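Engineer: Handing over my_file.pdb, PDB, C-alpha atoms.
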ATOM      1  CA  MET A   1      33.496  -5.101  49.862
ATOM      2  CA  ALA A   2      36.207  -6.017  47.369
ATOM      3  CA  ASP A   3      34.793  -3.462  44.947
ATOM      4  CA  LEU A   4      35.145  -0.738  47.571
ATOM      5  CA  GLN A   5      38.722  -1.774  48.258
ATOM      6  CA  GLN A   6      39.461  -1.733  44.521
ATOM      7  CA  LEU A   7      37.928   1.724  44.296
ATOM      8  CA  PHE A   8      40.194   2.992  47.091
ATOM      9  CA  GLN A   9      43.239   1.417  45.425
ATOM     10  CA  LEU A  10      42.284   2.987  42.112
ATOM     11  CA  GLY A  11      41.839   6.361  43.797
ATOM     12  CA  SER A  12      45.260   6.032  45.370
ATOM     13  CA  GLN A  13      46.810   5.125  42.009
ATOM     14  CA  VAL A  14      45.151   8.067  40.282
ATOM     15  CA  GLN A  15      46.266  10.410  43.053
ATOM     16  CA  GLY A  16      49.839   9.137  42.735
ATOM     17  CA  ARG A  17      49.758   9.599  38.976
ATOM     18  CA  LEU A  18      48.377  13.142  39.377
ATOM     19  CA  GLN A  19      51.214  14.037  41.738
ATOM     20  CA  GLN A  20      53.726  12.589  39.291
ATOM     21  CA  LEU A  21      52.109  14.534  36.455
ATOM     22  CA  GLN A  22      52.279  17.796  38.422
ATOM     23  CA  SER A  23      55.962  17.220  39.037
ATOM     24  CA  GLU A  24      56.587  16.450  35.363
ATOM     25  CA  LEU A  25      54.650  19.544  34.275
ATOM     26  CA  ALA A  26      56.726  21.745  36.558
ATOM     27  CA  ASP A  27      59.779  20.676  34.536
ATOM     28  CA  ARG A  28      58.201  21.374  31.134
ATOM     29  CA  THR A  29      58.726  24.713  29.384
ATOM     30  CA  ILE A  30      56.276  26.419  27.048
ATOM     31  CA  GLU A  31      57.203  29.517  25.076
ATOM     32  CA  ALA A  32      55.055  32.135  23.382
ATOM     33  CA  THR A  33      55.922  35.334  21.574
ATOM     34  CA  ALA A  34      54.184  38.567  20.647
ATOM     35  CA  GLY A  35      55.010  41.515  18.448
ATOM     36  CA  ALA A  36      56.714  39.393  15.809
ATOM     37  CA  GLY A  37      59.015  37.926  18.439
ATOM     38  CA  LEU A  38      59.873  41.193  20.190
ATOM     39  CA  VAL A  39      58.414  39.819  23.432
ATOM     40  CA  ARG A  40      59.144  36.237  24.460
ATOM     41  CA  VAL A  41      57.661  34.548  27.530
ATOM     42  CA  ARG A  42      58.471  31.135  28.979
ATOM     43  CA  VAL A  43      56.183  29.432  31.453
ATOM     44  CA  ASP A  44      56.390  26.075  33.138
ATOM     45  CA  GLY A  45      53.763  23.398  32.629
ATOM     46  CA  ARG A  46      51.729  24.858  35.469
ATOM     47  CA  GLY A  47      51.549  28.232  33.715
ATOM     48  CA  LEU A  48      53.936  30.064  36.043
ATOM     49  CA  VAL A  49      56.058  32.665  34.254
ATOM     50  CA  ARG A  50      59.708  31.627  34.353
ATOM     51  CA  SER A  51      61.226  34.210  32.023
ATOM     52  CA  LEU A  52      60.338  37.299  30.043
ATOM     53  CA  VAL A  53      62.617  38.626  27.314
ATOM     54  CA  ILE A  54      61.971  41.937  25.603
ATOM     55  CA  ASP A  55      64.011  42.740  22.512
ATOM     56  CA  PRO A  56      65.423  46.290  22.815
ATOM     57  CA  GLU A  57      63.851  46.999  19.432
ATOM     58  CA  ALA A  58      60.450  46.726  21.153
ATOM     59  CA  PHE A  59      61.099  50.085  22.821
ATOM     60  CA  GLU A  60      61.847  51.930  19.604
ATOM     61  CA  GLY A  61      58.930  54.042  18.431
ATOM     62  CA  ARG A  62      56.402  52.277  20.643
ATOM     63  CA  ASP A  63      54.495  53.585  23.591
ATOM     64  CA  ALA A  64      54.384  51.846  26.948
ATOM     65  CA  GLU A  65      50.766  50.765  26.460
ATOM     66  CA  LEU A  66      51.555  48.873  23.264
ATOM     67  CA  LEU A  67      54.522  47.176  24.903
ATOM     68  CA  ALA A  68      52.360  46.239  27.904
ATOM     69  CA  ASP A  69      49.750  44.773  25.532
ATOM     70  CA  MET A  70      52.417  42.663  23.835
ATOM     71  CA  ILE A  71      53.645  41.375  27.196
ATOM     72  CA  VAL A  72      50.141  40.542  28.400
ATOM     73  CA  GLY A  73      49.383  38.829  25.085
ATOM     74  CA  ALA A  74      52.514  36.695  25.212
ATOM     75  CA  VAL A  75      51.899  35.712  28.841
ATOM     76  CA  ALA A  76      48.264  34.836  28.134
ATOM     77  CA  GLU A  77      49.228  32.711  25.123
ATOM     78  CA  ALA A  78      51.946  30.866  27.045
ATOM     79  CA  GLN A  79      49.546  30.176  29.919
ATOM     80  CA  ARG A  80      46.862  28.976  27.471
ATOM     81  CA  ARG A  81      49.378  26.570  25.936
ATOM     82  CA  ALA A  82      50.339  25.321  29.398
ATOM     83  CA  SER A  83      46.663  24.765  30.197
ATOM     84  CA  ASP A  84      46.222  22.852  26.934
ATOM     85  CA  LEU A  85      49.237  20.716  27.852
ATOM     86  CA  VAL A  86      47.751  19.919  31.272
ATOM     87  CA  GLN A  87      44.422  18.961  29.711
ATOM     88  CA  ALA A  88      46.129  16.731  27.143
ATOM     89  CA  GLU A  89      48.155  14.992  29.833
ATOM     90  CA  MET A  90      45.070  14.538  32.023
ATOM     91  CA  ARG A  91      43.237  12.872  29.116
ATOM     92  CA  LYS A  92      46.057  10.333  28.945
ATOM     93  CA  LEU A  93      45.098   9.146  32.402
ATOM     94  CA  SER A  94      42.381   6.557  32.470
ATOM     95  CA  PRO A  95      39.412   8.291  30.820
ATOM     96  CA  ASN A  96      37.000   6.457  33.116
ATOM     97  CA  PRO A  97      38.756   5.127  36.225
ATOM     98  CA  LEU A  98      35.593   3.287  37.314
ATOM     99  CA  ALA A  99      35.634   1.228  34.126
ATOM    100  CA  ALA A 100      38.534  -0.770  35.586
ATOM    101  CA  LEU A 101      36.272  -2.158  38.305
TER     102      LEU A 101
END
Starting from the coordinates I provided, produce the structure as structure tokens.

Structural biologist:
Amino acid sequence: MADLQQLFQLGSQVQGRLQQLQSELADRTIEATAGAGLVRVRVDGRGLVRSLVIDPEAFEGRDAELLADMIVGAVAEAQRRASDLVQAEMRKLSPNPLAAL
């Protein structure tokens, strides 16, 4: 019975740490660029877009489709980096929570 109680306590600890991690990630900022820096996107640690900056030079001599591709590319890269950050932080948690029992 003690093992079951320990398992519940461990689950509660892991859940608390996950909530803390989510809060910390919301405060982190990841940036990615495209088009040699003409498009810059910032996302939070959860991958939500927080800002998009387009250099006015990006409009010169470019069609809308190319600009859209640069924006999509920068957003995708920023979100991939945020996902990598989440995975790295999750690995820092106990790799095998049952090993503590």

Engineer: Env of A:Leu48: 9 Å cut, atoms = only C-alpha atoms, seq-sep filter 3 positions within chain, self excluded. Answer as an MDAnalysis selection string.

Structural biologist: chainID A and resid 26 42:45 79 82

Engineer: Would you pick out the contacts of A:Thr33 at 9 Å or less, using only C-alpha atoms, so that residues sharing its chain but fewer than 4 positions from it are not included, and give the list as number ranges by chain?

Structural biologist: A: 37-42, 70-71, 73-75, 77-78

Engineer: Given all atoms listed in the file as the basis, pick out the residue of A:Leu18, A:Ser12, A:Gly35, A:Asp3 nearest to A:Arg62.

Structural biologist: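 Closest to A:Arg62 of all the choices is A:Gly35.
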
Engineer: Would you compute an axis-aligned box for stretch 34-48 of chain A, covering every atom listed for it in the file with 6 Å of margin on each side, and report centre and edge lengths in Å to one decimal as lines of an AutoDock Vina configuration file?

Structural biologist:
center_x = 55.7
center_y = 32.5
center_z = 25.9
size_x = 20.3
size_y = 30.1
size_z = 32.2

Engineer: What does the distance from atom CA of A:Ala58 to atom CA of A:Ala34 come to in Å, to one decimal?

Structural biologist: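 For atom CA of A:Ala58 relative to atom CA of A:Ala34, the distance reads 10.3 Å.
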
Engineer: For A:Arg81, which residue out of A:Leu67, A:Leu52, A:Leu7, A:Ala32 is the nearest one, using all atoms listed in the file?

Structural biologist: A:Ala32

Engineer: Between atom CA of A:Glu89 and atom CA of A:Thr29, what is the spacing in Å?

Structural biologist: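 Those two atoms sit 14.4 Å apart.
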